[in-house]
file my_file23.cif (mmCIF, C-alpha atoms)
data_target
loop_
_atom_site.group_PDB
_atom_site.id
_atom_site.type_symbol
_atom_site.label_atom_id
_atom_site.label_comp_id
_atom_site.auth_asym_id
_atom_site.auth_seq_id
_atom_site.Cartn_x
_atom_site.Cartn_y
_atom_site.Cartn_z
ATOM 1 C CA MET A 93 152.610 -152.513 4.742
ATOM 2 C CA ARG A 94 149.777 -151.977 7.205
ATOM 3 C CA SER A 95 146.241 -152.711 6.124
ATOM 4 C CA ALA A 96 142.798 -152.926 7.653
ATOM 5 C CA ILE A 97 139.721 -154.857 6.577
ATOM 6 C CA LEU A 98 136.287 -153.724 7.710
ATOM 7 C CA ILE A 99 133.696 -156.202 8.887
ATOM 8 C CA PHE A 100 129.951 -155.542 8.927
ATOM 9 C CA PRO A 101 127.195 -157.912 9.965
ATOM 10 C CA GLY A 102 126.755 -159.898 6.746
ATOM 11 C CA SER A 103 130.263 -159.416 5.339
ATOM 12 C CA ASN A 104 131.393 -162.779 3.988
ATOM 13 C CA CYS A 105 134.606 -162.156 2.058
ATOM 14 C CA ASP A 106 136.523 -160.621 4.967
ATOM 15 C CA ARG A 107 138.404 -163.794 5.834
ATOM 16 C CA ASP A 108 139.313 -164.614 2.209
ATOM 17 C CA MET A 109 140.577 -161.071 1.772
ATOM 18 C CA MET A 110 142.580 -161.297 4.999
ATOM 19 C CA VAL A 111 144.257 -164.525 3.841
ATOM 20 C CA ALA A 112 144.948 -163.047 0.388
ATOM 21 C CA VAL A 113 146.548 -159.895 1.815
ATOM 22 C CA GLU A 114 148.581 -161.849 4.347
ATOM 23 C CA ARG A 115 149.898 -164.195 1.637
ATOM 24 C CA ILE A 116 151.074 -161.263 -0.425
ATOM 25 C CA THR A 117 152.435 -158.976 2.278
ATOM 26 C CA GLY A 118 153.374 -161.463 5.005
ATOM 27 C CA ARG A 119 151.519 -159.268 7.439
ATOM 28 C CA ARG A 120 148.028 -159.886 8.784
ATOM 29 C CA PRO A 121 145.580 -157.026 8.217
ATOM 30 C CA ALA A 122 143.827 -155.466 11.185
ATOM 31 C CA LEU A 123 140.181 -156.488 11.292
ATOM 32 C CA VAL A 124 137.921 -153.570 12.130
ATOM 33 C CA TRP A 125 134.357 -154.091 13.396
ATOM 34 C CA HIS A 126 131.778 -151.702 11.956
ATOM 35 C CA LYS A 127 131.074 -150.144 15.362
ATOM 36 C CA ASP A 128 134.702 -149.062 15.830
ATOM 37 C CA SER A 129 135.003 -145.371 15.153
ATOM 38 C CA GLN A 130 138.793 -145.447 15.567
ATOM 39 C CA LEU A 131 141.078 -146.576 12.799
ATOM 40 C CA ASP A 132 144.792 -147.041 13.472
ATOM 41 C CA PRO A 133 146.995 -145.521 10.755
ATOM 42 C CA VAL A 134 147.185 -147.889 7.786
ATOM 43 C CA ASP A 135 148.404 -147.778 4.184
ATOM 44 C CA ILE A 136 145.114 -149.112 2.870
ATOM 45 C CA VAL A 137 141.604 -149.873 4.075
ATOM 46 C CA ILE A 138 139.832 -152.705 2.273
ATOM 47 C CA ILE A 139 136.054 -153.043 2.359
ATOM 48 C CA PRO A 140 135.237 -156.647 1.498
ATOM 49 C CA GLY A 141 132.292 -158.256 -0.235
ATOM 50 C CA GLY A 142 129.199 -159.757 1.324
ATOM 51 C CA PHE A 143 125.681 -158.683 2.203
ATOM 52 C CA SER A 144 126.212 -156.019 4.848
ATOM 53 C CA PHE A 145 123.063 -155.550 6.931
ATOM 54 C CA GLY A 146 121.298 -158.042 4.676
ATOM 55 C CA ASP A 147 121.346 -155.541 1.777
ATOM 56 C CA TYR A 148 118.324 -153.928 3.475
ATOM 57 C CA LEU A 149 117.017 -150.654 2.045
ATOM 58 C CA ARG A 150 119.715 -150.602 -0.698
ATOM 59 C CA CYS A 151 122.985 -152.526 -0.998
ATOM 60 C CA GLY A 152 125.579 -150.827 1.172
ATOM 61 C CA ALA A 153 123.219 -148.072 2.361
ATOM 62 C CA LEU A 154 123.252 -148.980 6.045
ATOM 63 C CA ALA A 155 126.936 -149.947 6.141
ATOM 64 C CA ALA A 156 127.868 -146.595 4.604
ATOM 65 C CA ARG A 157 126.490 -144.850 7.710
ATOM 66 C CA ALA A 158 128.321 -147.087 10.250
ATOM 67 C CA PRO A 159 130.842 -145.510 12.683
ATOM 68 C CA ALA A 160 133.782 -147.327 11.049
ATOM 69 C CA MET A 161 132.910 -145.695 7.730
ATOM 70 C CA GLU A 162 133.231 -142.246 9.276
ATOM 71 C CA ALA A 163 136.801 -143.211 10.141
ATOM 72 C CA VAL A 164 137.315 -144.455 6.567
ATOM 73 C CA ILE A 165 135.985 -141.174 5.142
ATOM 74 C CA ASP A 166 138.490 -139.328 7.395
ATOM 75 C CA HIS A 167 141.280 -141.615 6.217
ATOM 76 C CA ALA A 168 140.313 -141.021 2.560
ATOM 77 C CA SER A 169 140.060 -137.263 3.065
ATOM 78 C CA ARG A 170 143.708 -137.296 4.209
ATOM 79 C CA GLY A 171 144.630 -139.045 0.945
ATOM 80 C CA GLY A 172 144.543 -142.553 2.411
ATOM 81 C CA ALA A 173 144.011 -145.476 0.040
ATOM 82 C CA VAL A 174 140.724 -147.395 0.069
ATOM 83 C CA LEU A 175 139.723 -150.452 -1.984
ATOM 84 C CA GLY A 176 136.122 -151.673 -2.033
ATOM 85 C CA VAL A 177 135.261 -155.018 -3.577
ATOM 86 C CA CYS A 178 131.705 -155.951 -4.582
ATOM 87 C CA ASN A 179 129.563 -154.964 -1.571
ATOM 88 C CA GLY A 180 132.550 -152.804 -0.594
ATOM 89 C CA PHE A 181 132.173 -150.974 -3.929
ATOM 90 C CA GLN A 182 128.451 -150.491 -3.243
ATOM 91 C CA ILE A 183 129.302 -149.083 0.204
ATOM 92 C CA LEU A 184 131.850 -146.621 -1.236
ATOM 93 C CA LEU A 185 129.229 -145.345 -3.696
ATOM 94 C CA GLU A 186 126.711 -144.924 -0.883
ATOM 95 C CA THR A 187 129.203 -142.851 1.138
ATOM 96 C CA GLY A 188 129.880 -140.650 -1.877
ATOM 97 C CA LEU A 189 133.620 -141.454 -1.856
ATOM 98 C CA LEU A 190 133.009 -142.681 -5.406
ATOM 99 C CA PRO A 191 130.416 -141.283 -7.843
ATOM 100 C CA GLY A 192 127.436 -143.077 -9.382
ATOM 101 C CA THR A 193 125.551 -146.102 -8.156
ATOM 102 C CA LEU A 194 125.109 -149.838 -8.698
ATOM 103 C CA VAL A 195 121.661 -151.137 -9.545
ATOM 104 C CA ARG A 196 120.093 -154.547 -10.113
ATOM 105 C CA ASN A 197 121.714 -156.687 -12.806
ATOM 106 C CA GLY A 198 120.096 -156.150 -16.202
ATOM 107 C CA GLY A 199 119.205 -159.850 -16.468
ATOM 108 C CA LEU A 200 117.603 -159.850 -12.991
ATOM 109 C CA LYS A 201 119.754 -162.833 -12.036
ATOM 110 C CA PHE A 202 122.557 -163.234 -9.536
ATOM 111 C CA VAL A 203 125.687 -163.646 -11.659
ATOM 112 C CA CYS A 204 128.494 -165.846 -10.382
ATOM 113 C CA ARG A 205 131.215 -166.594 -12.920
ATOM 114 C CA GLU A 206 134.671 -165.691 -14.100
ATOM 115 C CA VAL A 207 134.868 -162.557 -16.234
ATOM 116 C CA ARG A 208 137.594 -161.063 -18.397
ATOM 117 C CA LEU A 209 138.675 -157.570 -17.494
ATOM 118 C CA ALA A 210 140.887 -155.076 -19.256
ATOM 119 C CA VAL A 211 142.968 -152.665 -17.203
ATOM 120 C CA GLN A 212 142.258 -149.173 -18.540
ATOM 121 C CA GLU A 213 144.494 -146.193 -19.049
ATOM 122 C CA THR A 214 143.834 -144.111 -15.939
ATOM 123 C CA LEU A 215 144.880 -141.036 -14.050
ATOM 124 C CA GLU A 216 147.798 -141.565 -11.698
ATOM 125 C CA THR A 217 146.971 -144.183 -9.091
ATOM 126 C CA PRO A 218 149.052 -146.455 -6.865
ATOM 127 C CA PHE A 219 146.653 -149.358 -7.436
ATOM 128 C CA LEU A 220 147.434 -150.151 -11.057
ATOM 129 C CA ALA A 221 151.087 -149.097 -11.154
ATOM 130 C CA ASP A 222 152.342 -152.616 -11.895
ATOM 131 C CA LEU A 223 149.650 -153.501 -14.414
ATOM 132 C CA SER A 224 150.036 -152.267 -17.970
ATOM 133 C CA ASN A 225 147.167 -150.592 -19.823
ATOM 134 C CA GLY A 226 145.108 -153.104 -21.735
ATOM 135 C CA SER A 227 146.435 -156.077 -19.787
ATOM 136 C CA GLU A 228 143.757 -158.645 -19.233
ATOM 137 C CA LEU A 229 142.697 -160.208 -15.925
ATOM 138 C CA ARG A 230 140.464 -163.220 -15.339
ATOM 139 C CA ILE A 231 138.681 -162.753 -12.022
ATOM 140 C CA PRO A 232 135.267 -163.997 -10.855
ATOM 141 C CA VAL A 233 132.225 -161.852 -10.101
ATOM 142 C CA ALA A 234 129.386 -162.836 -7.756
ATOM 143 C CA HIS A 235 126.634 -160.271 -7.397
ATOM 144 C CA ASN A 236 123.013 -159.292 -7.908
ATOM 145 C CA GLU A 237 123.534 -155.509 -8.054
ATOM 146 C CA GLY A 238 126.631 -154.899 -10.161
ATOM 147 C CA ASN A 239 125.071 -152.840 -12.906
ATOM 148 C CA TYR A 240 126.976 -149.548 -12.724
ATOM 149 C CA PHE A 241 124.711 -146.581 -13.413
ATOM 150 C CA ALA A 242 125.390 -142.881 -13.805
ATOM 151 C CA ASP A 243 124.085 -140.204 -16.151
ATOM 152 C CA ASP A 244 125.895 -139.634 -19.448
ATOM 153 C CA ALA A 245 127.582 -136.464 -18.233
ATOM 154 C CA LEU A 246 129.154 -138.328 -15.300
ATOM 155 C CA LEU A 247 130.126 -141.311 -17.466
ATOM 156 C CA ASP A 248 131.798 -138.957 -19.967
ATOM 157 C CA SER A 249 133.680 -137.183 -17.216
ATOM 158 C CA LEU A 250 134.831 -140.496 -15.680
ATOM 159 C CA GLU A 251 136.149 -141.615 -19.058
ATOM 160 C CA GLN A 252 137.789 -138.311 -19.918
ATOM 161 C CA GLY A 253 139.319 -138.004 -16.447
ATOM 162 C CA GLY A 254 140.812 -141.501 -16.543
ATOM 163 C CA GLN A 255 138.678 -142.719 -13.658
ATOM 164 C CA VAL A 256 137.476 -145.918 -15.329
ATOM 165 C CA ALA A 257 139.896 -148.558 -14.047
ATOM 166 C CA LEU A 258 138.471 -151.867 -15.266
ATOM 167 C CA ARG A 259 136.072 -152.893 -18.010
ATOM 168 C CA TYR A 260 134.426 -156.202 -18.891
ATOM 169 C CA VAL A 261 135.881 -157.346 -22.196
ATOM 170 C CA ASP A 262 135.936 -160.128 -24.716
ATOM 171 C CA ASN A 263 139.035 -158.850 -26.481
ATOM 172 C CA GLU A 264 137.025 -155.613 -26.769
ATOM 173 C CA PRO A 265 134.333 -154.307 -24.427
ATOM 174 C CA SER A 266 131.243 -156.017 -25.851
ATOM 175 C CA ARG A 267 127.673 -156.659 -24.879
ATOM 176 C CA ALA A 268 128.365 -160.364 -24.530
ATOM 177 C CA ALA A 269 131.286 -159.690 -22.202
ATOM 178 C CA ASN A 270 129.142 -157.570 -19.915
ATOM 179 C CA PRO A 271 127.694 -159.793 -17.151
ATOM 180 C CA ASN A 272 125.254 -157.304 -15.639
ATOM 181 C CA GLY A 273 124.340 -154.521 -18.074
ATOM 182 C CA SER A 274 126.829 -152.131 -16.503
ATOM 183 C CA ALA A 275 127.100 -148.743 -18.241
ATOM 184 C CA ARG A 276 129.952 -148.744 -20.776
ATOM 185 C CA ASN A 277 131.095 -152.128 -19.450
ATOM 186 C CA ILE A 278 132.459 -150.533 -16.304
ATOM 187 C CA ALA A 279 133.699 -153.056 -13.719
ATOM 188 C CA GLY A 280 135.755 -150.726 -11.532
ATOM 189 C CA ILE A 281 136.328 -146.997 -11.043
ATOM 190 C CA LEU A 282 138.710 -144.629 -9.280
ATOM 191 C CA SER A 283 138.164 -141.435 -7.323
ATOM 192 C CA ALA A 284 139.356 -138.165 -8.825
ATOM 193 C CA ASN A 285 142.545 -138.323 -6.710
ATOM 194 C CA GLY A 286 143.215 -141.953 -7.718
ATOM 195 C CA ARG A 287 143.342 -143.129 -4.090
ATOM 196 C CA VAL A 288 139.918 -144.759 -3.753
ATOM 197 C CA MET A 289 138.905 -147.652 -5.968
ATOM 198 C CA GLY A 290 135.763 -149.748 -6.197
ATOM 199 C CA MET A 291 135.344 -152.904 -8.274
ATOM 200 C CA MET A 292 132.760 -155.666 -8.644
ATOM 201 C CA PRO A 293 135.115 -158.635 -9.345
ATOM 202 C CA HIS A 294 136.616 -160.522 -6.399
ATOM 203 C CA PRO A 295 140.445 -160.618 -6.662
ATOM 204 C CA GLU A 296 140.649 -162.614 -3.420
ATOM 205 C CA ARG A 297 138.938 -165.460 -5.269
ATOM 206 C CA ALA A 298 141.623 -165.679 -7.950
ATOM 207 C CA MET A 299 144.731 -166.353 -5.888
ATOM 208 C CA GLY A 300 145.994 -169.525 -7.591
ATOM 209 C CA ASN A 301 146.509 -172.487 -5.218
ATOM 210 C CA GLY A 302 143.360 -174.263 -6.368
ATOM 211 C CA HIS A 303 141.622 -171.231 -7.832
ATOM 212 C CA PRO A 304 141.362 -171.440 -11.638
ATOM 213 C CA SER A 305 143.151 -168.100 -12.006
ATOM 214 C CA ASP A 306 145.836 -166.258 -10.106
ATOM 215 C CA ASP A 307 145.130 -162.884 -11.715
ATOM 216 C CA GLY A 308 143.546 -161.686 -8.486
ATOM 217 C CA ARG A 309 146.888 -162.173 -6.790
ATOM 218 C CA LYS A 310 148.553 -160.198 -9.596
ATOM 219 C CA PHE A 311 146.019 -157.404 -9.133
ATOM 220 C CA LEU A 312 146.212 -157.316 -5.317
ATOM 221 C CA THR A 313 150.008 -157.434 -5.439
ATOM 222 C CA SER A 314 149.976 -154.335 -7.634
ATOM 223 C CA VAL A 315 147.549 -152.613 -5.239
ATOM 224 C CA LEU A 316 149.410 -153.505 -2.041
ATOM 225 C CA GLU A 317 152.885 -152.783 -3.368
ATOM 226 C CA GLY A 318 151.610 -149.581 -4.958
ATOM 227 C CA VAL A 319 150.219 -148.159 -1.740
ATOM 228 C CA ALA A 320 153.272 -149.253 0.290
ATOM 229 C CA ARG A 321 155.651 -147.236 -1.904
ATOM 230 C CA MET B 49 102.648 -138.016 13.432
ATOM 231 C CA GLN B 50 102.428 -140.737 10.821
ATOM 232 C CA VAL B 51 104.388 -140.111 7.684
ATOM 233 C CA LYS B 52 104.281 -141.997 4.420
ATOM 234 C CA ILE B 53 107.325 -141.798 2.155
ATOM 235 C CA ASN B 54 107.175 -142.967 -1.452
ATOM 236 C CA ILE B 55 110.438 -143.726 -3.167
ATOM 237 C CA SER B 56 110.491 -144.223 -6.917
ATOM 238 C CA LEU B 57 113.144 -144.575 -9.583
ATOM 239 C CA LYS B 58 113.833 -141.401 -11.515
ATOM 240 C CA THR B 59 112.640 -141.231 -15.100
ATOM 241 C CA GLY B 60 115.364 -142.524 -17.357
ATOM 242 C CA VAL B 61 116.709 -145.019 -14.816
ATOM 243 C CA LEU B 62 116.257 -148.526 -16.143
ATOM 244 C CA ASP B 63 113.993 -150.670 -13.955
ATOM 245 C CA PRO B 64 114.650 -154.319 -14.889
ATOM 246 C CA GLN B 65 112.224 -155.464 -12.204
ATOM 247 C CA GLY B 66 109.441 -153.304 -13.619
ATOM 248 C CA ARG B 67 110.166 -154.595 -17.087
ATOM 249 C CA ALA B 68 109.986 -158.235 -15.959
ATOM 250 C CA VAL B 69 106.658 -157.563 -14.226
ATOM 251 C CA GLU B 70 105.353 -155.830 -17.358
ATOM 252 C CA ASN B 71 106.281 -158.878 -19.431
ATOM 253 C CA ALA B 72 104.517 -161.148 -16.941
ATOM 254 C CA LEU B 73 101.398 -158.965 -16.989
ATOM 255 C CA SER B 74 101.392 -159.058 -20.761
ATOM 256 C CA GLY B 75 101.709 -162.866 -20.597
ATOM 257 C CA LEU B 76 98.542 -162.933 -18.467
ATOM 258 C CA GLY B 77 96.687 -160.963 -21.119
ATOM 259 C CA PHE B 78 97.087 -157.531 -19.553
ATOM 260 C CA THR B 79 98.526 -156.112 -22.747
ATOM 261 C CA ASP B 80 97.035 -152.714 -21.830
ATOM 262 C CA ALA B 81 99.651 -152.268 -19.048
ATOM 263 C CA SER B 82 102.810 -150.362 -19.868
ATOM 264 C CA HIS B 83 105.563 -148.326 -18.191
ATOM 265 C CA VAL B 84 105.568 -150.531 -15.084
ATOM 266 C CA ARG B 85 107.865 -149.067 -12.425
ATOM 267 C CA ILE B 86 108.468 -150.530 -8.991
ATOM 268 C CA GLY B 87 109.257 -148.357 -5.995
ATOM 269 C CA LYS B 88 108.966 -148.661 -2.267
ATOM 270 C CA GLN B 89 106.923 -147.153 0.489
ATOM 271 C CA ILE B 90 108.234 -146.438 3.986
ATOM 272 C CA THR B 91 105.836 -145.514 6.785
ATOM 273 C CA LEU B 92 107.058 -144.149 10.073
ATOM 274 C CA ASP B 93 105.974 -142.110 13.072
ATOM 275 C CA ILE B 94 107.760 -138.833 13.666
ATOM 276 C CA ASP B 95 107.579 -137.050 16.975
ATOM 277 C CA ALA B 96 106.929 -133.488 15.744
ATOM 278 C CA GLU B 97 104.836 -130.470 16.754
ATOM 279 C CA ASP B 98 103.161 -129.932 13.423
ATOM 280 C CA SER B 99 102.971 -131.477 10.005
ATOM 281 C CA ALA B 100 105.326 -128.935 8.443
ATOM 282 C CA ARG B 101 108.045 -129.937 10.868
ATOM 283 C CA ALA B 102 107.341 -133.642 10.364
ATOM 284 C CA GLU B 103 107.671 -133.179 6.615
ATOM 285 C CA GLN B 104 110.932 -131.300 7.070
ATOM 286 C CA ARG B 105 112.378 -134.085 9.228
ATOM 287 C CA ALA B 106 111.221 -136.744 6.775
ATOM 288 C CA ALA B 107 112.904 -134.879 3.920
ATOM 289 C CA ARG B 108 116.172 -134.843 5.858
ATOM 290 C CA MET B 109 115.842 -138.574 6.501
ATOM 291 C CA CYS B 110 115.330 -139.134 2.772
ATOM 292 C CA GLU B 111 118.353 -137.037 1.843
ATOM 293 C CA SER B 112 120.667 -138.677 4.360
ATOM 294 C CA LEU B 113 119.589 -142.317 4.157
ATOM 295 C CA LEU B 114 116.191 -143.381 2.873
ATOM 296 C CA ALA B 115 116.600 -142.438 -0.792
ATOM 297 C CA ASN B 116 119.588 -142.610 -3.113
ATOM 298 C CA THR B 117 119.059 -139.316 -4.881
ATOM 299 C CA VAL B 118 121.363 -140.358 -7.730
ATOM 300 C CA ILE B 119 118.625 -142.663 -9.005
ATOM 301 C CA GLU B 120 115.581 -142.156 -6.799
ATOM 302 C CA ASP B 121 112.935 -139.483 -6.194
ATOM 303 C CA TYR B 122 110.907 -139.322 -3.013
ATOM 304 C CA SER B 123 107.608 -137.802 -1.999
ATOM 305 C CA ILE B 124 106.340 -137.281 1.529
ATOM 306 C CA GLU B 125 102.805 -137.439 2.816
ATOM 307 C CA VAL B 126 102.045 -136.473 6.403
ATOM 308 C CA ILE B 127 98.961 -138.133 7.797
ATOM 309 C CA ASP B 128 97.932 -135.829 10.627
ATOM 310 C CA ALA B 129 96.511 -137.931 13.420
ATOM 311 C CA SER B 130 94.721 -135.042 15.120
#
call {"tool": "encode", "arguments": {"input": "my_file23.cif", "output": "structure tokens"}}
result
Amino acid sequence: MRSAILIFPGSNCDRDMMVAVERITGRRPALVWHKDSQLDPVDIVIIPGGFSFGDYLRCGALAARAPAMEAVIDHASRGGAVLGVCNGFQILLETGLLPGTLVRNGGLKFVCREVRLAVQETLETPFLADLSNGSELRIPVAHNEGNYFADDALLDSLEQGGQVALRYVDNEPSRAANPNGSARNIAGILSANGRVMGMMPHPERAMGNGHPSDDGRKFLTSVLEGVAR
Amino acid sequence: MQVKINISLKTGVLDPQGRAVENALSGLGFTDASHVRIGKQITLDIDAEDSARAEQRAARMCESLLANTVIEDYSIEVIDAS
């Protein structure tokens, strides 16, 4: 299981993600600086959370144009797996590897708390292979721009195509369960080929061992074992 | 050539910031203000022969980086120095 984690100026979840992946796989991910345009062959590239380039212009906009992202786009175009968490999700949307965009939270406040997520029935993807549809995960979010936005036609096509991977729920998707005003309670989506995923919640912050939840470990284990198969 | 680029949210895209400002204006007694939308302005110099070319370059900059055309519109104004 070979993995790589990208680092931009302002990334701040890279180390947590590295520790999480190493605990699960026993193998340390390669750390890739944003100026590197070469990416050694890996089973998955993970784009971690943080405030790349200070969130200047728009969240993820500058990082999406970095040399390392060109290598990630190449990797994805060959069917390689990519997971973006939080700012990583914003970056994937800015590159166009995933559709739609993330805008300012509806409540105008930075939201930092545990949320409940339901794993959705999706198209075929290695990421969720070990998680059953409807199973619930408790994982924290921490963001200011996590409000997923797309026009109705795109939202309909994401739902019909099984590209919605995670939703904020309180038993059911509800307004109260939605921390940021995200369209249709979307917390995470997949690309049309099921090999690129973006999500706002931070699984690396729910690894047990002192974290209140270990559902992030369950999620990452499914992702990492799925892509290694 | 100096170029002014205005970036605004498309109609239909929720602008929570604009809404908060509208509420604050109303709290100050400016109840006649509505539809507050907040955008951004980028000014830059472009080394170009004429204003048509400067505008063309600015449009390419908007498409490739400066605006997120999923949610934003842009308009370009070339201020000819000559």
call {"tool": "interface_residues", "arguments": {"input": "my_file23.cif", "of": "chain B", "to": "chain A", "cutoff": "9 Å", "atoms": "all atoms listed in the file", "output": "list of chain:residue names"}}
result
B:Val61, B:Leu62, B:Asp63, B:Pro64, B:Gln65, B:Ala68, B:Leu113, B:Leu114, B:Ala115, B:Asn116, B:Val118, B:Ile119
call {"tool": "atom_distance", "arguments": {"input": "my_file23.cif", "atom1": "atom CA of B:Gln50", "atom2": "atom CA of B:Met109"}}
result
14.3 Å
call {"tool": "residues_around", "arguments": {"input": "my_file23.cif", "residues": "A:Ala112", "least_positions_apart": "2", "cutoff": "9 Å", "atoms": "all atoms listed in the file", "output": "PDB file with C-alpha atoms, in the coordinates of the input"}}
result
ATOM      1  CA  ARG A 107     138.404-163.794   5.834  1.00  0.00           C
ATOM      2  CA  ASP A 108     139.313-164.614   2.209  1.00  0.00           C
ATOM      3  CA  MET A 109     140.577-161.071   1.772  1.00  0.00           C
ATOM      4  CA  MET A 110     142.580-161.297   4.999  1.00  0.00           C
ATOM      5  CA  GLU A 114     148.581-161.849   4.347  1.00  0.00           C
ATOM      6  CA  ARG A 115     149.898-164.195   1.637  1.00  0.00           C
ATOM      7  CA  ILE A 116     151.074-161.263  -0.425  1.00  0.00           C
ATOM      8  CA  THR A 117     152.435-158.976   2.278  1.00  0.00           C
ATOM      9  CA  PRO A 295     140.445-160.618  -6.662  1.00  0.00           C
ATOM     10  CA  GLU A 296     140.649-162.614  -3.420  1.00  0.00           C
ATOM     11  CA  ARG A 297     138.938-165.460  -5.269  1.00  0.00           C
ATOM     12  CA  MET A 299     144.731-166.353  -5.888  1.00  0.00           C
ATOM     13  CA  ARG A 309     146.888-162.173  -6.790  1.00  0.00           C
ATOM     14  CA  LEU A 312     146.212-157.316  -5.317  1.00  0.00           C
TER      15      LEU A 312
END
call {"tool": "resolve_selection", "arguments": {"input": "my_file23.cif", "expression": "the PyMOL selection byres ((chain A and resi 304) around 12)", "output": "VMD selection string"}}
result
chain A and resid 205 to 207 230 to 232 295 297 to 303 305 to 309
call {"tool": "atom_distance", "arguments": {"input": "my_file23.cif", "atom1": "atom CA of A:Ala155", "atom2": "atom CA of A:His126"}}
result
7.8 Å
call {"tool": "axis_aligned_box", "arguments": {"input": "my_file23.cif", "around": "stretch 179-198 of chain A", "padding_each_side": "8 Å", "output": "JSON"}}
result
{"center_x": 126.9, "center_y": -148.7, "center_z": -7.5, "size_x": 29.5, "size_y": 32.0, "size_z": 33.3}
call {"tool": "residues_around", "arguments": {"input": "my_file23.cif", "residues": "A:Leu282", "least_positions_apart": "5", "cutoff": "6 Å", "atoms": "all atoms listed in the file", "output": "MDAnalysis selection string"}}
result
chainID A and resid 255 288:289
call {"tool": "closest_residue", "arguments": {"input": "my_file23.cif", "among": "A:His294, A:Cys204, A:Phe145, A:Ile165", "to": "A:Asp106", "atoms": "only C-alpha atoms"}}
result
A:His294
call {"tool": "resolve_selection", "arguments": {"input": "my_file23.cif", "expression": "the PyMOL selection byres ((chain B and resi 98-100) around 8)", "output": "count of residues only"}}
result
9
call {"tool": "atom_distance", "arguments": {"input": "my_file23.cif", "atom1": "atom CA of B:Ile124", "atom2": "atom CA of B:Val69"}}
result
25.7 Å
call {"tool": "resolve_selection", "arguments": {"input": "my_file23.cif", "expression": "the PyMOL selection byres ((chain A and resi 127) around 10)", "output": "JSON list (two decimals) with C-alpha atoms, in the coordinates of the input"}}
result
[["chain", "number", "residue", "atom", "x", "y", "z"],
["A", 98, "LEU", "CA", 136.29, -153.72, 7.71],
["A", 99, "ILE", "CA", 133.70, -156.20, 8.89],
["A", 100, "PHE", "CA", 129.95, -155.54, 8.93],
["A", 124, "VAL", "CA", 137.92, -153.57, 12.13],
["A", 125, "TRP", "CA", 134.36, -154.09, 13.40],
["A", 126, "HIS", "CA", 131.78, -151.70, 11.96],
["A", 128, "ASP", "CA", 134.70, -149.06, 15.83],
["A", 129, "SER", "CA", 135.00, -145.37, 15.15],
["A", 130, "GLN", "CA", 138.79, -145.45, 15.57],
["A", 158, "ALA", "CA", 128.32, -147.09, 10.25],
["A", 159, "PRO", "CA", 130.84, -145.51, 12.68],
["A", 160, "ALA", "CA", 133.78, -147.33, 11.05],
["A", 161, "MET", "CA", 132.91, -145.70, 7.73]]
call {"tool": "closest_residue", "arguments": {"input": "my_file23.cif", "among": "A:Tyr148, A:Phe202, A:Phe219, A:Phe143", "to": "A:Ala257", "atoms": "all atoms listed in the file"}}
result
A:Phe219
call {"tool": "residues_around", "arguments": {"input": "my_file23.cif", "residues": "B:Val84", "least_positions_apart": "2", "cutoff": "8 Å", "atoms": "only C-alpha atoms", "output": "JSON, numbers by chain"}}
result
{"B": [66, 67, 69, 70, 81, 82, 86]}
call {"tool": "write_last_selection", "arguments": {"input": "my_file23.cif", "atoms": "C-alpha atoms", "output": "compact mmCIF listing (two decimals), in the coordinates of the input"}}
result
# COMPACT_ATOMS: atom_id res chain seq x y z
CA GLY B 66 109.44 -153.30 -13.62
CA ARG B 67 110.17 -154.60 -17.09
CA VAL B 69 106.66 -157.56 -14.23
CA GLU B 70 105.35 -155.83 -17.36
CA ALA B 81 99.65 -152.27 -19.05
CA SER B 82 102.81 -150.36 -19.87
CA ILE B 86 108.47 -150.53 -8.99
call {"tool": "residues_near_point", "arguments": {"input": "my_file23.cif", "point": "(129.2, -157.6, -8.7)", "cutoff": "6 Å", "atoms": "only C-alpha atoms", "output": "list in words"}}
result
Cys178, Val233, Ala234, His235, Gly238 and Met292 of chain A
call {"tool": "residues_around", "arguments": {"input": "my_file23.cif", "residues": "A:Ile139", "least_positions_apart": "4", "cutoff": "8 Å", "atoms": "only C-alpha atoms", "output": "ChimeraX atom specification"}}
result
/A:97-99,174-177,179-181
call {"tool": "residues_around", "arguments": {"input": "my_file23.cif", "residues": "A:His167", "least_positions_apart": "6", "cutoff": "10 Å", "atoms": "all atoms listed in the file", "output": "ChimeraX atom specification"}}
result
/A:131-137,161,173-174
